[in-house]
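For reference, protein07.pdb (PDB, C-alpha atoms and all ligand atoms):
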ATOM      1  CA  MET A   1       4.541 -21.577 -21.652
ATOM      2  CA  THR A   2       7.051 -19.901 -19.304
ATOM      3  CA  ASP A   3       6.845 -20.508 -15.571
ATOM      4  CA  ILE A   4       5.523 -17.028 -14.983
ATOM      5  CA  GLN A   5       2.783 -17.391 -17.593
ATOM      6  CA  GLU A   6       1.740 -20.512 -15.782
ATOM      7  CA  ILE A   7       1.526 -18.524 -12.543
ATOM      8  CA  LEU A   8      -0.528 -15.832 -14.231
ATOM      9  CA  ASN A   9      -2.892 -18.416 -15.615
ATOM     10  CA  GLN A  10      -3.599 -19.756 -12.159
ATOM     11  CA  GLU A  11      -7.073 -18.731 -11.152
ATOM     12  CA  LYS A  12      -6.111 -19.142  -7.512
ATOM     13  CA  GLN A  13      -4.242 -15.823  -7.511
ATOM     14  CA  VAL A  14      -7.665 -14.161  -7.548
ATOM     15  CA  ILE A  15     -10.115 -14.225  -4.668
ATOM     16  CA  ALA A  16     -13.394 -14.445  -6.519
ATOM     17  CA  GLY A  17     -16.788 -13.737  -4.999
ATOM     18  CA  GLY A  18     -15.193 -12.328  -1.840
ATOM     19  CA  LYS A  19     -14.474 -15.754  -0.340
ATOM     20  CA  ILE A  20     -10.842 -16.766   0.156
ATOM     21  CA  THR A  21     -10.158 -20.442  -0.563
ATOM     22  CA  ALA A  22      -7.451 -22.857   0.586
ATOM     23  CA  ALA A  23      -6.016 -22.624  -2.947
ATOM     24  CA  ASN A  24      -5.814 -18.804  -2.618
ATOM     25  CA  ILE A  25      -3.974 -19.179   0.691
ATOM     26  CA  GLY A  26      -1.562 -21.665  -0.885
ATOM     27  CA  PHE A  27      -0.925 -19.225  -3.750
ATOM     28  CA  TYR A  28      -0.257 -16.393  -1.312
ATOM     29  CA  LYS A  29       2.262 -18.486   0.625
ATOM     30  CA  GLU A  30       4.067 -19.454  -2.543
ATOM     31  CA  TYR A  31       4.001 -16.217  -4.553
ATOM     32  CA  GLY A  32       3.458 -13.517  -1.920
ATOM     33  CA  TYR A  33       0.391 -11.774  -3.323
ATOM     34  CA  LEU A  34      -3.310 -12.196  -4.080
ATOM     35  CA  THR A  35      -5.911 -10.029  -5.765
ATOM     36  CA  GLY A  36      -9.382  -9.761  -4.267
ATOM     37  CA  ARG A  37     -11.782  -8.838  -7.060
ATOM     38  CA  GLY A  38     -14.354  -6.209  -6.199
ATOM     39  CA  LEU A  39     -13.844  -6.332  -2.430
ATOM     40  CA  PHE A  40     -14.975  -2.709  -2.397
ATOM     41  CA  SER A  41     -18.413  -2.102  -3.884
ATOM     42  CA  PRO A  42     -18.928   0.712  -6.435
ATOM     43  CA  GLU A  43     -20.566   2.720  -3.620
ATOM     44  CA  ALA A  44     -17.565   2.241  -1.323
ATOM     45  CA  VAL A  45     -15.173   3.208  -4.124
ATOM     46  CA  ALA A  46     -17.231   6.341  -4.856
ATOM     47  CA  GLU A  47     -17.172   7.253  -1.164
ATOM     48  CA  LEU A  48     -13.378   6.888  -1.040
ATOM     49  CA  LYS A  49     -12.952   8.857  -4.259
ATOM     50  CA  ALA A  50     -15.076  11.721  -2.911
ATOM     51  CA  ASP A  51     -13.184  11.593   0.374
ATOM     52  CA  THR A  52      -9.862  11.849  -1.486
ATOM     53  CA  ALA A  53     -10.961  15.163  -2.993
ATOM     54  CA  LYS A  54     -12.145  16.353   0.433
ATOM     55  CA  ILE A  55      -8.797  15.523   2.042
ATOM     56  CA  PHE A  56      -6.728  17.383  -0.545
ATOM     57  CA  LYS A  57      -9.136  20.341  -0.554
ATOM     58  CA  GLY A  58      -8.416  20.747   3.159
ATOM     59  CA  HIS A  59     -11.864  19.704   4.356
ATOM     60  CA  TYR A  60     -10.307  17.912   7.349
ATOM     61  CA  GLY A  61      -7.730  20.633   7.959
ATOM     62  CA  ILE A  62      -4.746  22.034   6.118
ATOM     63  CA  ILE A  63      -1.733  19.734   6.083
ATOM     64  CA  GLU A  64       1.684  21.375   5.880
ATOM     65  CA  GLY A  65       2.608  21.868   2.226
ATOM     66  CA  MET A  66      -0.962  22.016   0.919
ATOM     67  CA  LEU A  67      -1.446  24.763  -1.613
ATOM     68  CA  PRO A  68      -4.488  27.039  -1.317
ATOM     69  CA  ALA A  69      -7.194  26.006  -3.802
ATOM     70  CA  GLY A  70      -8.234  28.673  -6.303
ATOM     71  CA  GLN A  71     -11.946  29.495  -6.431
ATOM     72  CA  ASN A  72     -12.373  28.113  -9.936
ATOM     73  CA  GLU A  73     -10.103  25.121  -9.585
ATOM     74  CA  SER A  74     -11.699  21.740 -10.307
ATOM     75  CA  ASP A  75     -11.115  18.783  -8.003
ATOM     76  CA  ASN A  76      -8.822  17.271 -10.623
ATOM     77  CA  ASP A  77      -6.744  20.449 -10.914
ATOM     78  CA  ILE A  78      -6.301  20.402  -7.151
ATOM     79  CA  LEU A  79      -5.471  16.688  -7.003
ATOM     80  CA  LYS A  80      -2.918  16.986  -9.818
ATOM     81  CA  LYS A  81      -0.639  18.900  -7.448
ATOM     82  CA  TYR A  82      -0.154  15.970  -5.071
ATOM     83  CA  VAL A  83       1.294  12.484  -5.067
ATOM     84  CA  ALA A  84       0.001  11.061  -1.805
ATOM     85  CA  ILE A  85      -0.787  11.700   1.814
ATOM     86  CA  HIS A  86       0.494   9.458   4.612
ATOM     87  CA  PHE A  87      -1.697   8.539   7.592
ATOM     88  CA  PRO A  88      -4.957   9.908   6.113
ATOM     89  CA  HIS A  89      -6.863   7.753   8.642
ATOM     90  CA  LYS A  90      -5.713  10.218  11.306
ATOM     91  CA  ILE A  91      -8.008  12.877   9.869
ATOM     92  CA  SER A  92     -10.603  11.144   7.718
ATOM     93  CA  PRO A  93     -13.319   9.148   9.508
ATOM     94  CA  VAL A  94     -14.147   7.515   6.178
ATOM     95  CA  ILE A  95     -10.661   6.105   5.729
ATOM     96  CA  LYS A  96     -10.473   5.110   9.384
ATOM     97  CA  ARG A  97     -13.695   3.140   8.992
ATOM     98  CA  TYR A  98     -12.455   1.360   5.873
ATOM     99  CA  LEU A  99      -9.292   0.180   7.683
ATOM    100  CA  ALA A 100     -11.558  -2.513   9.086
ATOM    101  CA  HIS A 101     -13.548  -3.193   5.898
ATOM    102  CA  GLN A 102     -14.955  -6.649   6.570
ATOM    103  CA  PRO A 103     -14.050  -8.285   3.207
ATOM    104  CA  VAL A 104     -10.423  -7.183   3.788
ATOM    105  CA  VAL A 105     -10.426  -8.368   7.404
ATOM    106  CA  ASP A 106     -11.802 -11.763   6.299
ATOM    107  CA  VAL A 107      -8.744 -12.229   4.074
ATOM    108  CA  LEU A 108      -6.224 -10.895   6.599
ATOM    109  CA  GLU A 109      -7.509 -13.297   9.246
ATOM    110  CA  GLN A 110      -6.603 -16.147   6.904
ATOM    111  CA  ILE A 111      -3.223 -14.947   5.625
ATOM    112  CA  VAL A 112      -1.879 -13.043   8.664
ATOM    113  CA  SER A 113      -3.458 -13.927  12.014
ATOM    114  CA  PRO A 114      -6.824 -13.832  13.774
ATOM    115  CA  ASN A 115      -5.350 -10.884  15.701
ATOM    116  CA  ILE A 116      -4.628  -7.951  13.409
ATOM    117  CA  LYS A 117      -3.434  -4.407  13.861
ATOM    118  CA  CYS A 118      -2.924  -1.611  11.359
ATOM    119  CA  MET A 119      -0.052   0.854  11.751
ATOM    120  CA  GLN A 120      -0.160   2.844   8.528
ATOM    121  CA  SER A 121      -2.313   4.177   5.715
ATOM    122  CA  MET A 122      -1.244   5.987   2.545
ATOM    123  CA  LEU A 123      -3.570   7.555   0.003
ATOM    124  CA  PHE A 124      -2.018   7.913  -3.460
ATOM    125  CA  VAL A 125      -3.597  10.152  -6.060
ATOM    126  CA  LYS A 126      -0.685   9.851  -8.506
ATOM    127  CA  GLY A 127      -1.984  12.137 -11.204
ATOM    128  CA  PRO A 128      -0.741  12.368 -14.805
ATOM    129  CA  GLY A 129       3.053  12.496 -14.996
ATOM    130  CA  LYS A 130       3.710  11.641 -11.358
ATOM    131  CA  ALA A 131       6.607   9.258 -10.666
ATOM    132  CA  GLY A 132       6.255   5.758  -9.246
ATOM    133  CA  GLN A 133       7.915   3.937  -6.349
ATOM    134  CA  ALA A 134      11.218   2.147  -6.907
ATOM    135  CA  TRP A 135      11.698  -1.548  -6.097
ATOM    136  CA  HIS A 136      11.487  -2.203  -2.396
ATOM    137  CA  GLN A 137      10.321  -4.500   0.366
ATOM    138  CA  ASP A 138       7.994  -2.918   2.894
ATOM    139  CA  GLU A 139       9.565  -4.722   5.858
ATOM    140  CA  PHE A 140      12.702  -2.649   5.252
ATOM    141  CA  TYR A 141      10.684   0.384   6.358
ATOM    142  CA  ILE A 142       8.224  -1.216   8.757
ATOM    143  CA  PRO A 143       9.999  -4.047  10.573
ATOM    144  CA  THR A 144       7.863  -6.595  12.358
ATOM    145  CA  ARG A 145       9.330  -9.283  14.560
ATOM    146  CA  ASP A 146       7.498 -12.133  12.885
ATOM    147  CA  LYS A 147       7.578 -11.121   9.188
ATOM    148  CA  SER A 148       3.836 -10.589   9.245
ATOM    149  CA  LEU A 149       3.714  -7.197   7.524
ATOM    150  CA  THR A 150       1.059  -7.201   4.816
ATOM    151  CA  GLY A 151       0.210  -4.471   2.327
ATOM    152  CA  VAL A 152      -3.426  -3.997   1.344
ATOM    153  CA  TRP A 153      -3.539  -1.988  -1.872
ATOM    154  CA  ILE A 154      -7.046  -0.804  -2.723
ATOM    155  CA  ALA A 155      -7.705   0.433  -6.263
ATOM    156  CA  ILE A 156      -9.935   3.521  -6.203
ATOM    157  CA  ASP A 157      -9.307   4.093  -9.930
ATOM    158  CA  ASP A 158      -8.615   1.420 -12.524
ATOM    159  CA  ALA A 159      -4.866   0.825 -12.441
ATOM    160  CA  GLY A 160      -2.991  -0.394 -15.517
ATOM    161  CA  VAL A 161       0.548  -0.242 -16.820
ATOM    162  CA  GLU A 162       0.001   3.195 -18.403
ATOM    163  CA  ASN A 163      -1.141   4.966 -15.239
ATOM    164  CA  GLY A 164       1.358   3.227 -12.970
ATOM    165  CA  CYS A 165      -0.090   0.059 -11.426
ATOM    166  CA  LEU A 166       1.870  -2.147  -9.030
ATOM    167  CA  TRP A 167       4.586  -4.471 -10.354
ATOM    168  CA  VAL A 168       5.796  -7.464  -8.378
ATOM    169  CA  VAL A 169       8.323 -10.285  -8.547
ATOM    170  CA  PRO A 170       6.148 -13.272  -7.596
ATOM    171  CA  GLY A 171       7.824 -15.477  -5.004
ATOM    172  CA  SER A 172      10.567 -12.944  -4.160
ATOM    173  CA  HIS A 173       9.365 -12.802  -0.526
ATOM    174  CA  ARG A 174      10.563 -16.387  -0.053
ATOM    175  CA  SER A 175      14.203 -15.243   0.101
ATOM    176  CA  GLY A 176      13.208 -14.110   3.626
ATOM    177  CA  TYR A 177      15.821 -11.384   3.858
ATOM    178  CA  ILE A 178      16.030  -7.662   3.252
ATOM    179  CA  MET A 179      17.844  -7.115  -0.025
ATOM    180  CA  PRO A 180      20.625  -4.562  -0.562
ATOM    181  CA  ARG A 181      19.666  -1.147  -1.858
ATOM    182  CA  VAL A 182      21.453   0.571  -4.736
ATOM    183  CA  VAL A 183      21.291   4.002  -6.349
ATOM    184  CA  ASN A 184      18.212   4.507  -8.526
ATOM    185  CA  ASN A 185      19.010   5.916 -11.967
ATOM    186  CA  SER A 186      15.568   5.541 -13.503
ATOM    187  CA  ASP A 187      13.314   8.562 -13.831
ATOM    188  CA  GLU A 188      10.312   6.251 -13.594
ATOM    189  CA  TYR A 189      10.739   6.402  -9.829
ATOM    190  CA  ALA A 190      10.702   9.144  -7.221
ATOM    191  CA  ASP A 191      13.240   7.428  -4.979
ATOM    192  CA  VAL A 192      16.988   7.884  -4.758
ATOM    193  CA  ASP A 193      17.470   4.180  -4.105
ATOM    194  CA  THR A 194      16.055   0.902  -5.335
ATOM    195  CA  ILE A 195      16.640  -2.843  -5.288
ATOM    196  CA  ASP A 196      18.416  -4.232  -8.323
ATOM    197  CA  VAL A 197      15.996  -6.646  -9.998
ATOM    198  CA  SER A 198      18.101  -7.143 -13.131
ATOM    199  CA  GLY A 199      18.919 -10.669 -11.932
ATOM    200  CA  TYR A 200      15.287 -11.659 -12.494
ATOM    201  CA  SER A 201      14.285 -12.510 -16.055
ATOM    202  CA  THR A 202      11.962  -9.914 -17.590
ATOM    203  CA  ASP A 203       9.079 -12.345 -17.651
ATOM    204  CA  SER A 204       9.338 -12.960 -13.921
ATOM    205  CA  VAL A 205       8.525  -9.327 -13.180
ATOM    206  CA  ILE A 206       4.813  -8.725 -13.673
ATOM    207  CA  PRO A 207       2.280  -5.888 -13.532
ATOM    208  CA  LEU A 208      -0.753  -6.363 -11.302
ATOM    209  CA  GLU A 209      -3.451  -4.523 -13.188
ATOM    210  CA  ALA A 210      -6.508  -3.876 -11.056
ATOM    211  CA  ARG A 211      -9.987  -2.547 -11.538
ATOM    212  CA  LYS A 212     -11.419  -0.069  -9.106
ATOM    213  CA  GLY A 213     -12.722  -1.947  -6.087
ATOM    214  CA  ASP A 214     -10.054  -4.659  -6.389
ATOM    215  CA  VAL A 215      -7.603  -5.191  -3.551
ATOM    216  CA  VAL A 216      -4.046  -6.498  -3.848
ATOM    217  CA  PHE A 217      -2.683  -8.191  -0.716
ATOM    218  CA  PHE A 218       1.088  -8.536  -0.613
ATOM    219  CA  ASN A 219       3.716  -9.875   1.744
ATOM    220  CA  GLY A 220       6.096  -7.384   3.397
ATOM    221  CA  TYR A 221       9.132  -9.134   1.862
ATOM    222  CA  LEU A 222       7.711  -9.157  -1.680
ATOM    223  CA  LEU A 223       9.645  -7.037  -4.169
ATOM    224  CA  HIS A 224       7.295  -4.473  -5.658
ATOM    225  CA  SER A 225       7.363  -1.109  -7.425
ATOM    226  CA  SER A 226       5.221   1.105  -9.645
ATOM    227  CA  LEU A 227       6.067   3.069 -12.788
ATOM    228  CA  ARG A 228       5.376   6.701 -13.617
ATOM    229  CA  ASN A 229       1.802   7.605 -14.600
ATOM    230  CA  LYS A 230       2.241   8.236 -18.334
ATOM    231  CA  THR A 231      -1.348   9.160 -19.145
ATOM    232  CA  ALA A 232      -2.406  12.702 -19.963
ATOM    233  CA  ASN A 233      -5.546  12.769 -17.839
ATOM    234  CA  ASN A 234      -5.911   9.681 -15.669
ATOM    235  CA  PHE A 235      -5.265   9.498 -11.970
ATOM    236  CA  ARG A 236      -4.237   6.312 -10.230
ATOM    237  CA  THR A 237      -5.911   6.720  -6.901
ATOM    238  CA  ALA A 238      -5.159   3.921  -4.428
ATOM    239  CA  LEU A 239      -5.421   3.550  -0.677
ATOM    240  CA  VAL A 240      -2.643   1.398   0.773
ATOM    241  CA  ASN A 241      -2.976   0.191   4.351
ATOM    242  CA  HIS A 242      -0.411  -1.870   6.217
ATOM    243  CA  TYR A 243      -1.291  -4.554   8.736
ATOM    244  CA  MET A 244       0.523  -7.129  10.862
ATOM    245  CA  SER A 245      -0.216  -9.702  13.478
ATOM    246  CA  ALA A 246      -1.081  -8.150  16.830
ATOM    247  CA  GLU A 247       1.131 -10.785  18.515
ATOM    248  CA  SER A 248       4.270  -9.117  17.191
ATOM    249  CA  MET A 249       5.658  -5.946  18.691
ATOM    250  CA  LEU A 250       6.486  -3.197  16.210
ATOM    251  CA  PRO A 251      10.036  -1.781  16.505
ATOM    252  CA  TRP A 252       9.346   1.024  14.006
ATOM    253  CA  ASP A 253      11.146   4.326  14.596
ATOM    254  CA  GLN A 254      10.241   5.635  11.130
ATOM    255  CA  ASP A 255      13.806   6.195   9.996
ATOM    256  CA  GLY A 256      14.746   8.142  13.099
ATOM    257  CA  LYS A 257      11.607  10.268  13.291
ATOM    258  CA  PHE A 258      10.831   8.719  16.667
ATOM    259  CA  PRO A 259      13.249   7.498  19.357
ATOM    260  CA  LEU A 260      14.151   3.822  18.977
ATOM    261  CA  THR A 261      11.259   1.822  20.301
ATOM    262  CA  GLU A 262      10.638  -1.835  20.962
ATOM    263  CA  ASP A 263       6.956  -1.401  20.192
ATOM    264  CA  LEU A 264       5.317   1.547  18.457
ATOM    265  CA  ARG A 265       1.858   1.728  19.915
ATOM    266  CA  ASP A 266       0.324   4.081  17.371
ATOM    267  CA  ILE A 267      -1.876   1.332  15.986
ATOM    268  CA  VAL A 268      -5.490   0.573  15.214
ATOM    269  CA  MET A 269      -6.762  -2.829  16.295
ATOM    270  CA  ILE A 270      -8.702  -4.396  13.453
ATOM    271  CA  ALA A 271      -9.596  -7.895  14.613
ATOM    272  CA  GLY A 272      -9.094 -10.258  17.525
ATOM    273  CA  ASP A 273      -7.140  -9.525  20.687
ATOM    274  CA  ASP A 274      -4.243  -7.192  21.415
ATOM    275  CA  PRO A 275      -1.805  -8.952  23.771
ATOM    276  CA  TYR A 276      -0.197  -5.576  24.526
ATOM    277  CA  ALA A 277      -3.412  -3.709  25.306
ATOM    278  CA  HIS A 278      -2.014  -2.844  28.754
ATOM    279  CA  LYS A 279       0.414  -0.467  27.003
ATOM    280  CA  THR A 280      -2.579   1.472  25.627
ATOM    281  CA  ILE A 281      -2.601   3.196  22.259
ATOM    282  CA  VAL A 282      -0.348   6.221  21.837
ATOM    283  CA  GLU A 283      -1.090   8.747  19.075
ATOM    284  CA  MET A 284       2.252   9.711  17.517
ATOM    285  CA  ASN A 285       1.861  10.053  13.774
ATOM    286  CA  HIS A 286       0.312  12.991  12.008
ATOM    287  CA  PRO A 287      -0.680  13.071   8.370
ATOM    288  CA  TYR A 288       1.874  14.496   5.965
ATOM    289  CA  LEU A 289       2.172  14.974   2.224
ATOM    290  CA  ARG A 290       4.493  12.683   0.358
ATOM    291  CA  PRO A 291       7.262  14.682  -1.321
ATOM    292  CA  GLU A 292       7.746  14.356  -5.087
ATOM    293  CA  VAL A 293      11.330  13.136  -4.632
ATOM    294  CA  LEU A 294      12.136  10.748  -1.832
ATOM    295  CA  ASN A 295      15.256  10.066   0.103
ATOM    296  CA  ILE A 296      15.676   6.985   2.253
ATOM    297  CA  ALA A 297      13.280   8.229   4.925
ATOM    298  CA  LYS A 298      10.207   7.678   2.874
ATOM    299  CA  ARG A 299       7.724   6.047   5.177
TER
HETATM  300  O1  LIG B 301       1.081   2.423  -5.033
HETATM  301  C1  LIG B 301       2.241   2.569  -5.337
HETATM  302  O2  LIG B 301       2.573   3.164  -6.347
HETATM  303  C2  LIG B 301       3.326   1.974  -4.496
HETATM  304  C3  LIG B 301       2.829   1.439  -3.202
HETATM  305  C4  LIG B 301       3.912   0.806  -2.445
HETATM  306  O3  LIG B 301       4.978   0.596  -2.915
HETATM  307  C5  LIG B 301       3.707   0.401  -1.063
HETATM  308  O4  LIG B 301       2.619   0.590  -0.536
HETATM  309  O5  LIG B 301       4.639  -0.129  -0.446
END
In structure tokens, write the structure found in this file.
Ligand SMILES: O=C(O)CCC(=O)C(=O)O
Amino acid sequence: MTDIQEILNQEKQVIAGGKITAANIGFYKEYGYLTGRGLFSPEAVAELKADTAKIFKGHYGIIEGMLPAGQNESDNDILKKYVAIHFPHKISPVIKRYLAHQPVVDVLEQIVSPNIKCMQSMLFVKGPGKAGQAWHQDEFYIPTRDKSLTGVWIAIDDAGVENGCLWVVPGSHRSGYIMPRVVNNSDEYADVDTIDVSGYSTDSVIPLEARKGDVVFFNGYLLHSSLRNKTANNFRTALVNHYMSAESMLPWDQDGKFPLTEDLRDIVMIAGDDPYAHKTIVEMNHPYLRPEVLNIAKR
């Protein structure tokens, strides 16, 4: 058995029954990800799925770039036009509420900090044919001061290799540095740049297939990507929220969108105490549609 098959055979990469164990935490430290099975109930998934259609039909307001829906257009026909929306929690009370979904918070308190804030949400619909995201580390885009950035990737549809699930390089976060970026030449991805993963053996790069309701937690230094959705009819709806420890300030200017800042205060407190509460919360971000092709300023 190869090393990676051994990793994949380890039950401790899965949080079963909603309760994170010491073995799960050990796995997360070593490999940089964990899957929580069924952390969202079928009812919660259905609520998020219905809310996705509402958002893209303009129920919460028209976002720049949204195309007017034809009278006879089905939800799927409407959703097929889009890849994703950033900061949906700014308009959708449903998504805002699920930022603090207790089964997710229970895990974050163990792998991040008792004090947690959220600074970003992204809702991917990724319909048939839509491109994936090239190899990257999220801390390149969202720098924390204590390397606490954590992605929480919530499957709202089943996600497999064919419709463009997440891929990761287990353990790649342990390098502890931001890797160089090179030109992307693959049409699997929407991005103009990527991280070269050719130095990793093919069997150390793995897909994280998920069923709807599952949640993938991943470290902000973990190399991850997703391939194009190659199915004819399946969406790959996923809500991705990013969290960090509230103890760290957040020097995130969003690739020049905002003036350089030592601490972006457009956050949502999720658990525990905010040591910087005296600075108050400042609303800065507005939801926007993710373009089909991305340059470096992608999030
Ligand atoms: O869901 C995807 O396809 C990619 C998500 C991702 O790369 C991220 O959230 O950083």
Q: Compute the set of protein, DNA and RNA residues whose minimum atom distance to ligand LIG 301 (chain B) is at most 10 Å, using all atoms listed in the file, and state it as an MDAnalysis selection string.
A: chainID A and resid 83:84 120:126 130:139 141:142 150:155 159 163:168 189 218 220 222:229 236:242 299
Saved selection, atoms kept: C-alpha atoms, as a CSV table (one decimal), in the frame of the given file:
chain,number,residue,atom,x,y,z
A,83,VAL,CA,1.3,12.5,-5.1
A,84,ALA,CA,0.0,11.1,-1.8
A,120,GLN,CA,-0.2,2.8,8.5
A,121,SER,CA,-2.3,4.2,5.7
A,122,MET,CA,-1.2,6.0,2.5
A,123,LEU,CA,-3.6,7.6,0.0
A,124,PHE,CA,-2.0,7.9,-3.5
A,125,VAL,CA,-3.6,10.2,-6.1
A,126,LYS,CA,-0.7,9.9,-8.5
A,130,LYS,CA,3.7,11.6,-11.4
A,131,ALA,CA,6.6,9.3,-10.7
A,132,GLY,CA,6.3,5.8,-9.2
A,133,GLN,CA,7.9,3.9,-6.3
A,134,ALA,CA,11.2,2.1,-6.9
A,135,TRP,CA,11.7,-1.5,-6.1
A,136,HIS,CA,11.5,-2.2,-2.4
A,137,GLN,CA,10.3,-4.5,0.4
A,138,ASP,CA,8.0,-2.9,2.9
A,139,GLU,CA,9.6,-4.7,5.9
A,141,TYR,CA,10.7,0.4,6.4
A,142,ILE,CA,8.2,-1.2,8.8
A,150,THR,CA,1.1,-7.2,4.8
A,151,GLY,CA,0.2,-4.5,2.3
A,152,VAL,CA,-3.4,-4.0,1.3
A,153,TRP,CA,-3.5,-2.0,-1.9
A,154,ILE,CA,-7.0,-0.8,-2.7
A,155,ALA,CA,-7.7,0.4,-6.3
A,159,ALA,CA,-4.9,0.8,-12.4
A,163,ASN,CA,-1.1,5.0,-15.2
A,164,GLY,CA,1.4,3.2,-13.0
A,165,CYS,CA,-0.1,0.1,-11.4
A,166,LEU,CA,1.9,-2.1,-9.0
A,167,TRP,CA,4.6,-4.5,-10.4
A,168,VAL,CA,5.8,-7.5,-8.4
A,189,TYR,CA,10.7,6.4,-9.8
A,218,PHE,CA,1.1,-8.5,-0.6
A,220,GLY,CA,6.1,-7.4,3.4
A,222,LEU,CA,7.7,-9.2,-1.7
A,223,LEU,CA,9.6,-7.0,-4.2
A,224,HIS,CA,7.3,-4.5,-5.7
A,225,SER,CA,7.4,-1.1,-7.4
A,226,SER,CA,5.2,1.1,-9.6
A,227,LEU,CA,6.1,3.1,-12.8
A,228,ARG,CA,5.4,6.7,-13.6
A,229,ASN,CA,1.8,7.6,-14.6
A,236,ARG,CA,-4.2,6.3,-10.2
A,237,THR,CA,-5.9,6.7,-6.9
A,238,ALA,CA,-5.2,3.9,-4.4
A,239,LEU,CA,-5.4,3.6,-0.7
A,240,VAL,CA,-2.6,1.4,0.8
A,241,ASN,CA,-3.0,0.2,4.4
A,242,HIS,CA,-0.4,-1.9,6.2
A,299,ARG,CA,7.7,6.0,5.2
**Q.** For Glu247 (chain A), the nearest of the candidates A:Leu149, A:Ile95, A:Ile15, A:Ile206, counting all atoms listed in the file
**A.** A:Leu149
With region 61-65 of chain A as the partner and 12 Å as the cut-off, tabulate the residues of region 73-119 of chain A that qualify, each row holding the nearest pair of atoms and their distance in Å to one decimal, using only C-alpha atoms, sorted by chain and rising number, as a Markdown table.
| residue | atom | partner | partner_atom | distance |
| --- | --- | --- | --- | --- |
| A:Lys81 | CA | A:Gly65 | CA | 10.6 |
| A:Tyr82 | CA | A:Gly65 | CA | 9.8 |
| A:Val83 | CA | A:Gly65 | CA | 12.0 |
| A:Ala84 | CA | A:Gly65 | CA | 11.8 |
| A:Ile85 | CA | A:Ile63 | CA | 9.1 |
| A:His86 | CA | A:Ile63 | CA | 10.6 |
| A:Phe87 | CA | A:Ile63 | CA | 11.3 |
| A:Pro88 | CA | A:Ile63 | CA | 10.3 |
| A:Lys90 | CA | A:Gly61 | CA | 11.1 |
| A:Ile91 | CA | A:Gly61 | CA | 8.0 |
| A:Ser92 | CA | A:Gly61 | CA | 9.9 |
Would you mind exporting the chosen residues as a short mmCIF file (atom, residue, chain, number, x, y, z; two decimals), in the coordinates of the input, restricted to C-alpha atoms?
data_model
loop_
_atom_site.label_atom_id
_atom_site.label_comp_id
_atom_site.auth_asym_id
_atom_site.auth_seq_id
_atom_site.Cartn_x
_atom_site.Cartn_y
_atom_site.Cartn_z
CA LYS A 81 -0.64 18.90 -7.45
CA TYR A 82 -0.15 15.97 -5.07
CA VAL A 83 1.29 12.48 -5.07
CA ALA A 84 0.00 11.06 -1.80
CA ILE A 85 -0.79 11.70 1.81
CA HIS A 86 0.49 9.46 4.61
CA PHE A 87 -1.70 8.54 7.59
CA PRO A 88 -4.96 9.91 6.11
CA LYS A 90 -5.71 10.22 11.31
CA ILE A 91 -8.01 12.88 9.87
CA SER A 92 -10.60 11.14 7.72
#
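Distance-wise, CA of Ile116 (chain A) and CA of Pro103 (chain A) end up 13.9 Å apart.
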Q. Written as a count of residues only, which residues does the PyMOL selection byres (((chain A and resi 173) around 8) and not hetatm) give for the file shown?
A. 14
Q | Ground truth for the PyMOL selection byres (((chain A and resi 16-19) around 10) and not hetatm), written as a list in words | A | Glu11, Lys12, Gln13, Val14, Ile15, Ile20, Thr21, Asn24, Thr35, Gly36, Arg37, Gly38, Leu39, Phe40, Pro103, Val104, Asp106 and Val107 of chain A
Export of prior selection with C-alpha atoms as a PDB file, in the coordinates of the input:
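Writing the result to selection_13.pdb gives the following:
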ATOM      1  CA  GLU A  11      -7.073 -18.731 -11.152  1.00  0.00           C
ATOM      2  CA  LYS A  12      -6.111 -19.142  -7.512  1.00  0.00           C
ATOM      3  CA  GLN A  13      -4.242 -15.823  -7.511  1.00  0.00           C
ATOM      4  CA  VAL A  14      -7.665 -14.161  -7.548  1.00  0.00           C
ATOM      5  CA  ILE A  15     -10.115 -14.225  -4.668  1.00  0.00           C
ATOM      6  CA  ILE A  20     -10.842 -16.766   0.156  1.00  0.00           C
ATOM      7  CA  THR A  21     -10.158 -20.442  -0.563  1.00  0.00           C
ATOM      8  CA  ASN A  24      -5.814 -18.804  -2.618  1.00  0.00           C
ATOM      9  CA  THR A  35      -5.911 -10.029  -5.765  1.00  0.00           C
ATOM     10  CA  GLY A  36      -9.382  -9.761  -4.267  1.00  0.00           C
ATOM     11  CA  ARG A  37     -11.782  -8.838  -7.060  1.00  0.00           C
ATOM     12  CA  GLY A  38     -14.354  -6.209  -6.199  1.00  0.00           C
ATOM     13  CA  LEU A  39     -13.844  -6.332  -2.430  1.00  0.00           C
ATOM     14  CA  PHE A  40     -14.975  -2.709  -2.397  1.00  0.00           C
ATOM     15  CA  PRO A 103     -14.050  -8.285   3.207  1.00  0.00           C
ATOM     16  CA  VAL A 104     -10.423  -7.183   3.788  1.00  0.00           C
ATOM     17  CA  ASP A 106     -11.802 -11.763   6.299  1.00  0.00           C
ATOM     18  CA  VAL A 107      -8.744 -12.229   4.074  1.00  0.00           C
TER      19      VAL A 107
END
**Q.** One-decimal distance in Å that lies between CA of Tyr98 (chain A) and CA of Leu48 (chain A)
**A.** 8.9 Å
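With only C-alpha atoms as the basis for measurement, A:Ala246 is the residue among A:Leu289, A:Leu208, A:Ala246, A:Ile4 that approaches Ala277 (chain A) most closely.
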Q. Suppose you want the space between CA of Tyr288 (chain A) and CA of Gly58 (chain A); what is it in Å?
A. 12.4 Å
Produce a table with one row for each residue of region 39-58 of chain A that has an atom at most 12 Å from any atom of region 67-71 of chain A, each row naming the nearest atom pair and its distance in Å at one decimal; use only C-alpha atoms; arrange rows by chain and rising residue number; format as CSV.
residue,atom,partner,partner_atom,distance
A:Ala53,CA,A:Ala69,CA,11.5
A:Lys54,CA,A:Ala69,CA,11.6
A:Phe56,CA,A:Leu67,CA,9.1
A:Lys57,CA,A:Ala69,CA,6.8
A:Gly58,CA,A:Pro68,CA,8.7
